[in-house]
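K.L.:
What follows is input.cif, mmCIF, C-alpha atoms.
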data_query
loop_
_atom_site.label_atom_id
_atom_site.label_comp_id
_atom_site.auth_asym_id
_atom_site.auth_seq_id
_atom_site.Cartn_x
_atom_site.Cartn_y
_atom_site.Cartn_z
CA MET A 18 160.60 3.43 90.11
CA SER A 19 159.45 7.01 89.66
CA THR A 20 161.87 9.86 89.15
CA LEU A 21 161.58 13.56 89.90
CA HIS A 22 163.36 15.53 87.18
CA THR A 23 164.27 19.09 88.13
CA VAL A 24 164.82 21.66 85.37
CA ASN A 25 166.22 25.09 86.26
CA LYS A 26 167.14 26.48 82.84
CA SER A 27 164.96 28.37 80.40
CA PRO A 28 164.14 26.18 77.37
CA PHE A 29 165.25 29.17 75.27
CA GLU A 30 168.71 29.12 76.85
CA LYS A 31 169.55 25.44 77.10
CA ASN A 32 168.18 22.10 75.92
CA SER A 33 167.80 20.67 79.41
CA LEU A 34 163.98 20.54 79.30
CA ALA A 35 163.99 18.77 75.92
CA ASP A 36 166.74 16.39 77.09
CA CYS A 37 164.78 15.71 80.26
CA LEU A 38 161.60 14.97 78.32
CA GLY A 39 163.54 12.51 76.19
CA TYR A 40 164.38 10.53 79.31
CA ALA A 41 161.28 11.05 81.45
CA LYS A 42 159.29 7.83 81.60
CA GLU A 43 155.60 7.47 82.19
CA GLY A 44 154.80 8.05 85.83
CA SER A 45 157.64 10.47 86.43
CA ALA A 46 157.44 14.09 87.53
CA VAL A 47 159.13 17.20 86.15
CA LEU A 48 159.59 20.24 88.37
CA MET A 49 160.46 23.51 86.65
CA TYR A 50 162.08 26.16 88.84
CA GLU A 51 164.37 29.22 88.48
CA ASP A 52 164.42 30.13 84.75
CA GLY A 53 163.05 26.66 84.05
CA VAL A 54 159.55 28.00 84.74
CA TYR A 55 159.48 29.54 81.26
CA GLY A 56 158.88 25.98 80.08
CA ALA A 57 155.54 25.99 81.91
CA MET A 58 153.98 28.76 79.79
CA LYS A 59 151.30 28.13 77.23
CA GLY A 60 151.60 29.07 73.58
CA ASN A 61 155.38 29.20 73.37
CA ALA A 62 157.76 27.11 71.27
CA VAL A 63 158.12 24.30 73.82
CA ALA A 64 154.47 24.11 74.92
CA GLU A 65 153.69 21.39 72.36
CA LYS A 66 156.56 19.22 73.55
CA VAL A 67 155.41 19.54 77.15
CA ALA A 68 151.80 18.74 76.19
CA ALA A 69 152.96 15.70 74.20
CA ALA A 70 154.79 14.11 77.15
CA SER A 71 152.22 11.49 78.05
CA GLY A 72 152.10 10.14 81.57
CA VAL A 73 154.50 12.79 82.87
CA LYS A 74 153.23 15.17 85.54
CA PHE A 75 154.51 18.75 85.43
CA TYR A 76 155.05 21.12 88.33
CA ALA A 77 156.35 24.69 88.55
CA LEU A 78 157.67 26.56 91.57
CA GLY A 79 155.25 29.35 92.48
CA SER A 80 157.78 31.87 93.82
CA ASP A 81 159.90 31.60 90.65
CA LEU A 82 156.79 32.04 88.46
CA LYS A 83 155.83 35.12 90.45
CA ALA A 84 159.35 36.58 90.24
CA ARG A 85 159.12 36.35 86.44
CA GLY A 86 155.61 37.74 86.11
CA ILE A 87 154.09 34.47 84.95
CA SER A 88 150.55 34.48 86.26
CA GLN A 89 148.19 31.52 86.44
CA GLU A 90 146.47 32.40 83.14
CA LYS A 91 149.79 32.26 81.29
CA LEU A 92 150.43 28.68 82.44
CA ALA A 93 149.91 25.73 80.14
CA GLU A 94 147.20 23.25 81.01
CA GLY A 95 148.14 20.53 83.47
CA ILE A 96 150.91 22.44 85.23
CA GLU A 97 150.57 22.24 89.00
CA VAL A 98 152.05 25.12 90.98
CA VAL A 99 153.93 24.13 94.15
CA ASP A 100 155.85 25.96 96.88
CA TYR A 101 159.15 24.82 98.44
CA ALA A 102 157.29 22.49 100.81
CA GLY A 103 155.76 20.93 97.68
CA PHE A 104 159.23 20.67 96.11
CA VAL A 105 160.43 18.75 99.18
CA LYS A 106 157.34 16.53 99.04
CA LEU A 107 158.01 15.68 95.38
CA ALA A 108 161.61 14.75 96.22
CA VAL A 109 160.35 12.46 98.99
CA GLU A 110 157.49 10.86 97.05
CA ASN A 111 159.56 9.95 94.00
CA ASP A 112 162.18 7.22 94.31
CA LYS A 113 164.97 9.23 92.69
CA VAL A 114 165.80 12.82 91.85
CA SER A 115 167.61 13.80 88.68
CA ALA A 116 168.80 17.41 88.37
CA TRP A 117 169.06 18.65 84.78
CA VAL A 118 171.31 21.59 85.66
CA MET B 11 163.99 11.34 105.08
CA LYS B 12 167.73 11.93 104.91
CA PHE B 13 168.74 14.59 102.36
CA ALA B 14 172.11 15.82 101.15
CA ILE B 15 172.46 19.06 99.21
CA GLN B 16 175.09 20.07 96.67
CA VAL B 17 175.55 23.75 95.80
CA ASN B 18 177.61 24.52 92.69
CA GLU B 19 177.19 28.28 92.38
CA GLY B 20 178.32 31.31 94.34
CA PRO B 21 176.13 33.91 96.06
CA TYR B 22 174.64 36.91 94.20
CA GLN B 23 175.65 35.46 90.84
CA HIS B 24 173.12 32.71 90.28
CA GLN B 25 169.87 31.73 91.94
CA ALA B 26 171.15 28.25 92.83
CA THR B 27 172.28 29.03 96.36
CA ASP B 28 168.97 30.79 97.12
CA SER B 29 167.04 27.80 95.79
CA ALA B 30 169.20 25.40 97.80
CA TYR B 31 168.70 27.45 100.97
CA HIS B 32 164.93 27.61 100.60
CA PHE B 33 164.78 23.91 99.81
CA ALA B 34 166.91 23.10 102.88
CA LYS B 35 164.73 25.27 105.09
CA ALA B 36 161.51 23.70 103.78
CA ALA B 37 162.94 20.19 104.26
CA LEU B 38 163.95 20.96 107.85
CA ASP B 39 160.58 22.58 108.54
CA ALA B 40 158.90 19.40 107.31
CA GLY B 41 160.94 17.38 109.81
CA HIS B 42 163.45 15.88 107.39
CA GLU B 43 167.16 15.52 108.07
CA ILE B 44 169.92 17.20 106.06
CA MET B 45 173.05 15.17 106.68
CA ARG B 46 175.37 17.47 104.69
CA VAL B 47 175.48 20.54 102.47
CA PHE B 48 178.41 20.30 100.07
CA PHE B 49 179.69 23.46 98.38
CA TYR B 50 181.51 22.74 95.14
CA HIS B 51 183.00 24.81 92.28
CA ASP B 52 181.99 28.50 92.67
CA GLY B 53 179.67 27.34 95.46
CA VAL B 54 182.64 27.60 97.85
CA ASN B 55 182.18 31.39 97.73
CA ASN B 56 179.15 30.89 99.99
CA GLY B 57 181.65 30.14 102.75
CA THR B 58 183.58 33.43 103.04
CA ASN B 59 183.02 35.70 106.04
CA LEU B 60 184.36 38.75 104.17
CA THR B 61 181.16 39.65 102.34
CA THR B 62 179.21 42.78 103.32
CA PRO B 63 176.05 42.93 101.22
CA PRO B 64 173.83 46.05 101.50
CA GLN B 65 171.62 46.02 104.60
CA ASP B 66 168.41 45.82 102.57
CA ASP B 67 169.62 42.73 100.70
CA ARG B 68 169.68 39.17 102.00
CA ASN B 69 172.95 38.10 103.59
CA ILE B 70 173.43 34.75 101.89
CA VAL B 71 176.55 33.73 103.85
CA ASN B 72 175.11 34.60 107.26
CA ARG B 73 171.85 32.93 106.33
CA TRP B 74 173.66 29.61 105.78
CA SER B 75 175.66 30.07 109.01
CA GLU B 76 172.47 30.71 110.99
CA LEU B 77 170.69 27.72 109.48
CA ALA B 78 173.70 25.53 110.28
CA LYS B 79 173.76 26.75 113.87
CA GLU B 80 170.04 26.27 114.34
CA HIS B 81 169.96 22.75 112.91
CA ASP B 82 173.53 21.59 113.54
CA LEU B 83 174.17 21.21 109.80
CA ASP B 84 177.42 19.84 108.39
CA MET B 85 178.42 22.39 105.72
CA VAL B 86 181.47 21.29 103.76
CA VAL B 87 183.49 23.39 101.33
CA CYS B 88 185.48 21.48 98.70
CA VAL B 89 189.19 21.98 99.43
CA ALA B 90 190.48 22.07 95.84
CA ALA B 91 187.76 24.52 94.77
CA ALA B 92 188.44 26.60 97.92
CA GLN B 93 192.18 26.79 97.30
CA ARG B 94 191.57 28.09 93.79
CA ARG B 95 189.16 30.76 95.02
CA GLY B 96 190.80 31.89 98.26
CA ILE B 97 188.53 30.33 100.86
CA VAL B 98 190.87 29.66 103.77
CA ASP B 99 190.58 28.16 107.26
CA GLU B 100 193.23 27.92 109.98
CA GLY B 101 194.73 24.69 108.59
CA GLU B 102 194.80 25.90 104.99
CA MET B 103 196.34 29.21 106.10
CA GLN B 104 199.26 27.41 107.71
CA ARG B 105 199.65 24.75 105.03
CA ASN B 106 199.75 27.26 102.19
CA GLY B 107 201.63 30.07 103.96
CA LYS B 108 198.78 32.58 103.86
CA ASP B 109 198.45 35.45 106.33
CA ALA B 110 194.66 35.36 106.75
CA GLN B 111 191.68 33.07 106.97
CA ASN B 112 188.09 33.77 105.97
CA ILE B 113 185.98 30.66 106.50
CA ALA B 114 182.52 31.66 107.71
CA ASP B 115 180.87 30.22 110.83
CA GLY B 116 179.46 26.74 110.39
CA PHE B 117 181.54 25.87 107.30
CA ARG B 118 184.47 23.48 107.19
CA ILE B 119 186.93 22.69 104.42
CA SER B 120 187.29 19.06 103.38
CA GLY B 121 187.67 16.80 100.37
CA LEU B 122 185.48 15.49 97.59
CA GLY B 123 185.13 12.21 99.49
CA GLN B 124 182.61 14.04 101.66
CA LEU B 125 180.37 14.51 98.61
CA ILE B 126 180.64 10.84 97.64
CA GLU B 127 179.85 9.83 101.23
CA ALA B 128 176.85 12.19 101.25
CA GLY B 129 175.61 10.58 98.02
CA ILE B 130 175.89 7.12 99.55
CA GLN B 131 174.55 7.85 103.03
CA SER B 132 171.65 10.12 102.12
CA GLU B 133 168.40 8.95 100.53
CA ARG B 134 168.24 11.92 98.13
CA LEU B 135 171.10 14.07 96.86
CA MET B 136 169.70 17.40 95.65
CA VAL B 137 171.93 19.26 93.19
CA PHE B 138 171.57 23.03 92.74
CA GLY B 139 173.66 24.90 90.22
CA ASP B 140 174.41 25.77 86.66
#
Would you kindly transcribe this structure into structure tokens?
P.N.:
Amino acid sequence: MSTLHTVNKSPFEKNSLADCLGYAKEGSAVLMYEDGVYGAMKGNAVAEKVAAASGVKFYALGSDLKARGISQEKLAEGIEVVDYAGFVKLAVENDKVSAWV
Amino acid sequence: MKFAIQVNEGPYQHQATDSAYHFAKAALDAGHEIMRVFFYHDGVNNGTNLTTPPQDDRNIVNRWSELAKEHDLDMVVCVAAAQRRGIVDEGEMQRNGKDAQNIADGFRISGLGQLIEAGIQSERLMVFGD
């Protein structure tokens, strides 16, 4: 059973990304969107936690990255950028969706 | 795949309703079904026809109404949340002795059971909000 976790809050505003990572099992996916995309940046206070989540695949919504001026070179390694069609695909491909609102 | 969508935030206040709309559109474009969009808490404010946003801004309410018309979507506004926030249809106007109604095209007011049913009958319930 794979789960898609969606995180829409900045990790500097709420603990939802950290909470999510505590639950995310190997083989699951985490999609960061809205202010959640700040969790996809390299070199910030949460980058280590994201990098340490083994077996978890990370995605970030491209339009929300762009709206916040986060360009490709500011992204941490291993983050895959998706559009809304990709968001839908992730929801379909995983068995469950858990929204960490 | 059969999706249901829950929107917990109002328009122009939080990005949630924009995210939900774009997700719904992408899902429909990919050939998936959306069996219901449920508007809860401040999300009921998406269902008022009294908004007049500036012409160069997106019209969030009309955008939902148009999507519902195009794809025959069932858009449900939670009755208890609507009563608190002044979202009124014909039935609510009469029941509560109001002199106006403001439910936007394509929306209907109903109970929380509709959300539970959506959770059971859909394959994925997508929650957007705060």
K.L.:
Excluding Cys88 in chain B and its own-chain neighbours fewer than 3 positions away, which residues fall within 6 Å of it when counting only C-alpha atoms? Please give them as a PyMOL selection string.
P.N.:
chain B and resi 50+91-92+120-121
K.L.:
With a cut-off of 9 Å and counting all atoms listed in the file, select all residues of chain A in contact with chain B and give the selection as an MDAnalysis selection string.
P.N.:
chainID A and resid 25:26 50:51 101:106 108:109 112:118
K.L.:
Can you tell me, as a PDB file with C-alpha atoms, keeping the file's coordinate frame, what residues are no more than 9 Å from Tyr55 in chain A when counting all atoms listed in the file, ignoring any on the same chain fewer than 4 positions away?
P.N.:
ATOM      1  CA  LYS A  26     167.140  26.480  82.840  1.00  0.00           C
ATOM      2  CA  SER A  27     164.960  28.370  80.400  1.00  0.00           C
ATOM      3  CA  PRO A  28     164.140  26.180  77.370  1.00  0.00           C
ATOM      4  CA  PHE A  29     165.250  29.170  75.270  1.00  0.00           C
ATOM      5  CA  MET A  49     160.460  23.510  86.650  1.00  0.00           C
ATOM      6  CA  TYR A  50     162.080  26.160  88.840  1.00  0.00           C
ATOM      7  CA  GLU A  51     164.370  29.220  88.480  1.00  0.00           C
ATOM      8  CA  ASN A  61     155.380  29.200  73.370  1.00  0.00           C
ATOM      9  CA  LEU A  82     156.790  32.040  88.460  1.00  0.00           C
ATOM     10  CA  ARG A  85     159.120  36.350  86.440  1.00  0.00           C
ATOM     11  CA  ILE A  87     154.090  34.470  84.950  1.00  0.00           C
TER      12      ILE A  87
END
K.L.:
For the PyMOL selection byres ((chain B and resi 101) around 12), applied here, can you spell out every residue it catches as a PDB file with C-alpha atoms, keeping the file's coordinate frame?
P.N.:
ATOM      1  CA  VAL B  89     189.190  21.980  99.430  1.00  0.00           C
ATOM      2  CA  GLN B  93     192.180  26.790  97.300  1.00  0.00           C
ATOM      3  CA  ILE B  97     188.530  30.330 100.860  1.00  0.00           C
ATOM      4  CA  VAL B  98     190.870  29.660 103.770  1.00  0.00           C
ATOM      5  CA  ASP B  99     190.580  28.160 107.260  1.00  0.00           C
ATOM      6  CA  GLU B 100     193.230  27.920 109.980  1.00  0.00           C
ATOM      7  CA  GLU B 102     194.800  25.900 104.990  1.00  0.00           C
ATOM      8  CA  MET B 103     196.340  29.210 106.100  1.00  0.00           C
ATOM      9  CA  GLN B 104     199.260  27.410 107.710  1.00  0.00           C
ATOM     10  CA  ARG B 105     199.650  24.750 105.030  1.00  0.00           C
ATOM     11  CA  ASN B 106     199.750  27.260 102.190  1.00  0.00           C
ATOM     12  CA  GLY B 107     201.630  30.070 103.960  1.00  0.00           C
ATOM     13  CA  LYS B 108     198.780  32.580 103.860  1.00  0.00           C
ATOM     14  CA  ASP B 109     198.450  35.450 106.330  1.00  0.00           C
ATOM     15  CA  ALA B 110     194.660  35.360 106.750  1.00  0.00           C
ATOM     16  CA  GLN B 111     191.680  33.070 106.970  1.00  0.00           C
ATOM     17  CA  ASN B 112     188.090  33.770 105.970  1.00  0.00           C
ATOM     18  CA  ILE B 113     185.980  30.660 106.500  1.00  0.00           C
ATOM     19  CA  ARG B 118     184.470  23.480 107.190  1.00  0.00           C
ATOM     20  CA  ILE B 119     186.930  22.690 104.420  1.00  0.00           C
ATOM     21  CA  SER B 120     187.290  19.060 103.380  1.00  0.00           C
TER      22      SER B 120
END
K.L.:
Selected by the PyMOL selection byres ((chain A and resi 41) around 12) in the shown coordinates: which residues, as number ranges by chain?
P.N.:
A: 18-24, 33-40, 42-48, 67, 69-75, 113-115, 117
K.L.:
What's the 12 Å shell around Asn69 in chain B, counting only C-alpha atoms, without same-chain residues fewer than 4 positions away, as a ChimeraX atom specification?
P.N.:
/B:21-22,27-28,31,56-65,73-76
K.L.:
Provide the CA of Asn72 in chain B to CA of Ile15 in chain B distance in Å, to one decimal place.
P.N.:
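Distance reported for this atom pair: 17.7 Å.
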K.L.:
Regenerate range 52-80 of chain A at the level of N, CA and C atoms and dump it as a tab-separated table (two decimals), keeping the file's coordinate frame.
P.N.:
chain	number	residue	atom	x	y	z
A	52	ASP	N	164.84	29.77	86.11
A	52	ASP	CA	164.42	30.13	84.75
A	52	ASP	C	163.71	28.97	84.03
A	53	GLY	N	163.74	27.81	84.63
A	53	GLY	CA	163.05	26.66	84.05
A	53	GLY	C	161.55	26.86	83.94
A	54	VAL	N	161.01	27.79	84.75
A	54	VAL	CA	159.55	28.00	84.74
A	54	VAL	C	159.04	28.55	83.40
A	55	TYR	N	159.93	29.09	82.58
A	55	TYR	CA	159.48	29.54	81.26
A	55	TYR	C	158.95	28.37	80.42
A	56	GLY	N	159.36	27.19	80.77
A	56	GLY	CA	158.88	25.98	80.08
A	56	GLY	C	157.45	25.62	80.43
A	57	ALA	N	156.90	26.30	81.44
A	57	ALA	CA	155.54	25.99	81.91
A	57	ALA	C	154.49	26.89	81.26
A	58	MET	N	154.93	27.82	80.40
A	58	MET	CA	153.98	28.76	79.79
A	58	MET	C	153.25	28.14	78.61
A	59	LYS	N	152.04	28.65	78.38
A	59	LYS	CA	151.30	28.13	77.23
A	59	LYS	C	151.63	28.97	75.98
A	60	GLY	N	151.47	28.34	74.84
A	60	GLY	CA	151.60	29.07	73.58
A	60	GLY	C	153.02	29.39	73.14
A	61	ASN	N	154.02	28.93	73.87
A	61	ASN	CA	155.38	29.20	73.37
A	61	ASN	C	155.94	27.99	72.61
A	62	ALA	N	157.19	28.11	72.18
A	62	ALA	CA	157.76	27.11	71.27
A	62	ALA	C	157.92	25.71	71.89
A	63	VAL	N	157.95	25.62	73.20
A	63	VAL	CA	158.12	24.30	73.82
A	63	VAL	C	156.80	23.72	74.35
A	64	ALA	N	155.74	24.53	74.33
A	64	ALA	CA	154.47	24.11	74.92
A	64	ALA	C	153.97	22.78	74.32
A	65	GLU	N	154.16	22.62	73.02
A	65	GLU	CA	153.69	21.39	72.36
A	65	GLU	C	154.43	20.17	72.87
A	66	LYS	N	155.74	20.32	73.05
A	66	LYS	CA	156.56	19.22	73.55
A	66	LYS	C	156.12	18.80	74.96
A	67	VAL	N	155.84	19.81	75.77
A	67	VAL	CA	155.41	19.54	77.15
A	67	VAL	C	154.05	18.83	77.12
A	68	ALA	N	153.14	19.34	76.28
A	68	ALA	CA	151.80	18.74	76.19
A	68	ALA	C	151.86	17.31	75.66
A	69	ALA	N	152.86	17.03	74.82
A	69	ALA	CA	152.96	15.70	74.20
A	69	ALA	C	153.57	14.65	75.11
A	70	ALA	N	154.15	15.07	76.23
A	70	ALA	CA	154.79	14.11	77.15
A	70	ALA	C	153.71	13.36	77.92
A	71	SER	N	153.34	12.20	77.43
A	71	SER	CA	152.22	11.49	78.05
A	71	SER	C	152.67	10.77	79.32
A	72	GLY	N	151.82	10.84	80.32
A	72	GLY	CA	152.10	10.14	81.57
A	72	GLY	C	153.12	10.82	82.46
A	73	VAL	N	153.55	12.02	82.05
A	73	VAL	CA	154.50	12.79	82.87
A	73	VAL	C	153.74	13.94	83.52
A	74	LYS	N	153.93	14.10	84.83
A	74	LYS	CA	153.23	15.17	85.54
A	74	LYS	C	154.17	16.37	85.70
A	75	PHE	N	153.67	17.55	85.39
A	75	PHE	CA	154.51	18.75	85.43
A	75	PHE	C	154.16	19.66	86.60
A	76	TYR	N	155.20	20.18	87.21
A	76	TYR	CA	155.05	21.12	88.33
A	76	TYR	C	155.91	22.35	88.06
A	77	ALA	N	155.52	23.48	88.64
A	77	ALA	CA	156.35	24.69	88.55
A	77	ALA	C	156.37	25.37	89.91
A	78	LEU	N	157.51	25.93	90.27
A	78	LEU	CA	157.67	26.56	91.57
A	78	LEU	C	157.03	27.95	91.57
A	79	GLY	N	156.06	28.14	92.46
A	79	GLY	CA	155.25	29.35	92.48
A	79	GLY	C	156.04	30.63	92.65
A	80	SER	N	157.03	30.64	93.57
A	80	SER	CA	157.78	31.87	93.82
A	80	SER	C	158.62	32.27	92.60
